[in-house]
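Here the structure comes first, spelled out in structure tokens, and everything after it is commentary.
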Amino acid sequence: MILTALAAGNASALAAEGEEGFHTPTPDIFWLPLFGPEGWEFTEQMFWGGVSVLLLSVVMVALSRNASVVPSKGQWMLEGFYNFTRNGIARDMIGTRDFLRFVPLLFTLFSIIIVNNLFGIIPPVMNPTMGRIGFPIALTLVVYVVYHYIGIKKQGLGGYFKGLVPAGLPGWIKPAIFVLELITFFITRPLTLALRLFGNMFAGHMLIVLFISAGAYFLMDGGALLKVLSVPTFAMAAIMMGFEALVQVLQAYVFTLLAASYIAGALADEH
């Protein structure tokens, strides 16, 4: 496996530097520069992020180009994938009156996130793009701008900020609620949206690499007992990869669902 090779290569590098024994993986495994000057490197995650966009474009155009009333298997799968976002996320969260204009955004977010997440367990990538914080931040900024823009456009700048405080509250508590809601809308929401996606992809990949690198160390450098223990260690890595696949899909869904809920809140008469 690619991860095993990376783990073995890391162990060899440490051995060359005179460091013996097993060394746990560090966040450096996510830093994969390909070329470019220091501080402006083009990374492997950037490359695979671009590949994901190209891949999605080619697949979707190919499957929808000859669309017919009686769909082919590929068209049927694409329509099911699209309808999940359209009906299960956009329409359910935003409502039948306004959801259609936001379907392209939500479908794009869900598609890009799920493909880049799954890259974390699919060769030859084996490293989730969203494990680098910059990518979740970029997607979050898009959602952030959209839901604030449509809220201000619908209610006006003054009305948007006024709507942060629910009606009917006592006057003495309104300033405190306003500050709390201001922090929630402008800081907490985008922060947690980005960190939730990043944290799950980062932690899951670290655990997988930990089990694989430990298994490789047990197998190649350990005694007889450790060589035996390498078998359940690799088995645990395989189990973690299956679990991570579930988390990767779930986190794409959660990110898109929350984006839709924030848009729905901005469109509501009171939010």
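By convention in this document, the chains of the structure tokens carry letters A, B, ... by their order, each chain's residues are numbered from 1, and ligands are numbered from 1 in the order they are shown.
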
Long-range neighbours of Asn116 (chain A) as a ChimeraX atom specification, 9 Å cut-off, only C-alpha atoms, 4 positions minimum in chain: /A:48-49,52,111-112,120,127-130,248

* helix (DSSP H, G or I) residues, from DSSP on the backbone, in region 5-228 of chain A, as a VMD selection string -> chain A and resid 5 to 16 27 to 30 44 to 64 73 to 94 99 to 121 129 to 131 134 to 162 171 to 221 224 to 228

- Message: List the spatial neighbours of Leu32 (chain A) as a list in words - criterion: any atom at most 8 Å away, only C-alpha atoms, same-chain residues fewer than 6 positions off excluded.
- Response: Thr43, Glu44 and Gln45 of chain A

For Pro104 (chain A), which of A:Arg86, A:Met77, A:Glu38, A:Arg91 is the closest residue, counting only C-alpha atoms?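 Residue with the minimum atom-to-atom distance to Pro104 (chain A): A:Arg86.
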
Exercise. Have a look at A:Thr108, A:Gly134, A:Lys153, A:Ala235 and name the one nearest to Met46 (chain A); count only C-alpha atoms.
Key: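 When distances to Met46 (chain A) are compared using only C-alpha atoms, the smallest one comes from A:Gly134.
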
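With only C-alpha atoms taken into account, the protein and nucleic acid residues at most 12 Å from Tyr82 (chain A) (excluding it and anything under 4 positions from it in its own chain) are A:Met60, A:Ser64, A:Gln75, A:Trp76, A:Met77, A:Leu78, A:Arg86, A:Asn87, A:Gly88, A:Ile89, A:Ala90, A:Val103, A:Pro104, A:Leu105, A:Leu106, A:Phe107, A:Thr108, A:Leu109, A:Phe110, A:Ser111.
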
Problem - Between CA of Val165 (chain A) and CA of Phe255 (chain A), distance in Å (one decimal) - result: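 The value is 25.5 Å.
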
| said: At a cut-off of 12 Å, using only C-alpha atoms, what residues contact Tyr160 (chain A)? Leave out same-chain residues fewer than 6 positions from it and give the result as number ranges by chain. | reply: A: 147-154, 166, 178, 181-182, 185, 265-271

Expected file contents, prior selection, N, CA and C atoms, as a short mmCIF file (atom, residue, chain, number, x, y, z; two decimals), in the first residue's frame:
data_model
loop_
_atom_site.label_atom_id
_atom_site.label_comp_id
_atom_site.auth_asym_id
_atom_site.auth_seq_id
_atom_site.Cartn_x
_atom_site.Cartn_y
_atom_site.Cartn_z
N TYR A 147 -24.55 33.34 2.43
CA TYR A 147 -25.68 33.48 3.35
C TYR A 147 -25.77 34.87 3.95
N HIS A 148 -24.66 35.56 4.11
CA HIS A 148 -24.75 36.95 4.58
C HIS A 148 -25.28 37.86 3.46
N TYR A 149 -24.84 37.62 2.23
CA TYR A 149 -25.28 38.44 1.11
C TYR A 149 -26.79 38.35 0.91
N ILE A 150 -27.31 37.11 0.89
CA ILE A 150 -28.74 36.97 0.63
C ILE A 150 -29.58 37.47 1.80
N GLY A 151 -29.03 37.36 3.01
CA GLY A 151 -29.75 37.89 4.17
C GLY A 151 -29.84 39.41 4.14
N ILE A 152 -28.74 40.05 3.82
CA ILE A 152 -28.71 41.52 3.74
C ILE A 152 -29.54 42.00 2.56
N LYS A 153 -29.47 41.28 1.44
CA LYS A 153 -30.25 41.67 0.26
C LYS A 153 -31.75 41.57 0.55
N LYS A 154 -32.16 40.57 1.29
CA LYS A 154 -33.58 40.36 1.56
C LYS A 154 -34.11 41.35 2.59
N PRO A 166 -34.15 37.97 18.73
CA PRO A 166 -35.54 37.53 18.62
C PRO A 166 -36.50 38.55 19.23
N PHE A 178 -27.64 40.21 21.41
CA PHE A 178 -27.14 40.72 20.13
C PHE A 178 -25.66 40.37 19.96
N GLU A 181 -25.32 36.58 19.37
CA GLU A 181 -25.74 36.19 18.03
C GLU A 181 -24.78 36.70 16.97
N LEU A 182 -24.22 37.89 17.21
CA LEU A 182 -23.23 38.45 16.28
C LEU A 182 -22.01 37.53 16.21
N PHE A 185 -23.10 34.24 14.32
CA PHE A 185 -23.30 34.36 12.88
C PHE A 185 -22.00 34.67 12.13
N GLY A 265 -31.79 30.11 7.09
CA GLY A 265 -31.92 31.08 8.16
C GLY A 265 -31.83 32.51 7.67
N ALA A 266 -30.93 32.73 6.70
CA ALA A 266 -30.79 34.09 6.14
C ALA A 266 -32.02 34.50 5.35
N LEU A 267 -32.71 33.54 4.75
CA LEU A 267 -33.90 33.83 3.96
C LEU A 267 -35.16 34.00 4.83
N ALA A 268 -35.09 33.48 6.04
CA ALA A 268 -36.29 33.55 6.92
C ALA A 268 -36.58 34.99 7.31
N ASP A 269 -37.83 35.24 7.59
CA ASP A 269 -38.23 36.60 8.00
C ASP A 269 -37.58 36.98 9.31
N GLU A 270 -37.41 35.99 10.20
CA GLU A 270 -36.69 36.19 11.44
C GLU A 270 -35.65 35.11 11.53
N HIS A 271 -34.41 35.48 11.88
CA HIS A 271 -33.37 34.48 11.97
C HIS A 271 -32.58 34.68 13.24
#

Contacts of Thr24 (chain A) at 8 Å or less, counting only C-alpha atoms, minus same-chain residues fewer than 3 places along, as a ChimeraX atom specification? /A:210,213-214

Just the selected residues (C-alpha atoms), exported as a CSV table (one decimal), in the first residue's frame, please.
chain,number,residue,atom,x,y,z
A,210,LEU,CA,-0.6,5.3,12.7
A,213,SER,CA,3.2,2.6,10.2
A,214,ALA,CA,3.0,0.6,13.4

If you count only C-alpha atoms, the residue of A:Ile183, A:Gly156, A:Met240, A:Ile177 closest to Leu207 (chain A) turns out to be A:Met240

Atom pair CA of Ile122 (chain A) + CA of Ala245 (chain A), distance 9.8 Å

> Which of these residues is nearest to Leu139 (chain A), using only C-alpha atoms: A:Phe84, A:Phe202, A:Pro71, A:Ala194?
Replying inline: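 With only C-alpha atoms as the atom set, the closest residue is A:Ala194.
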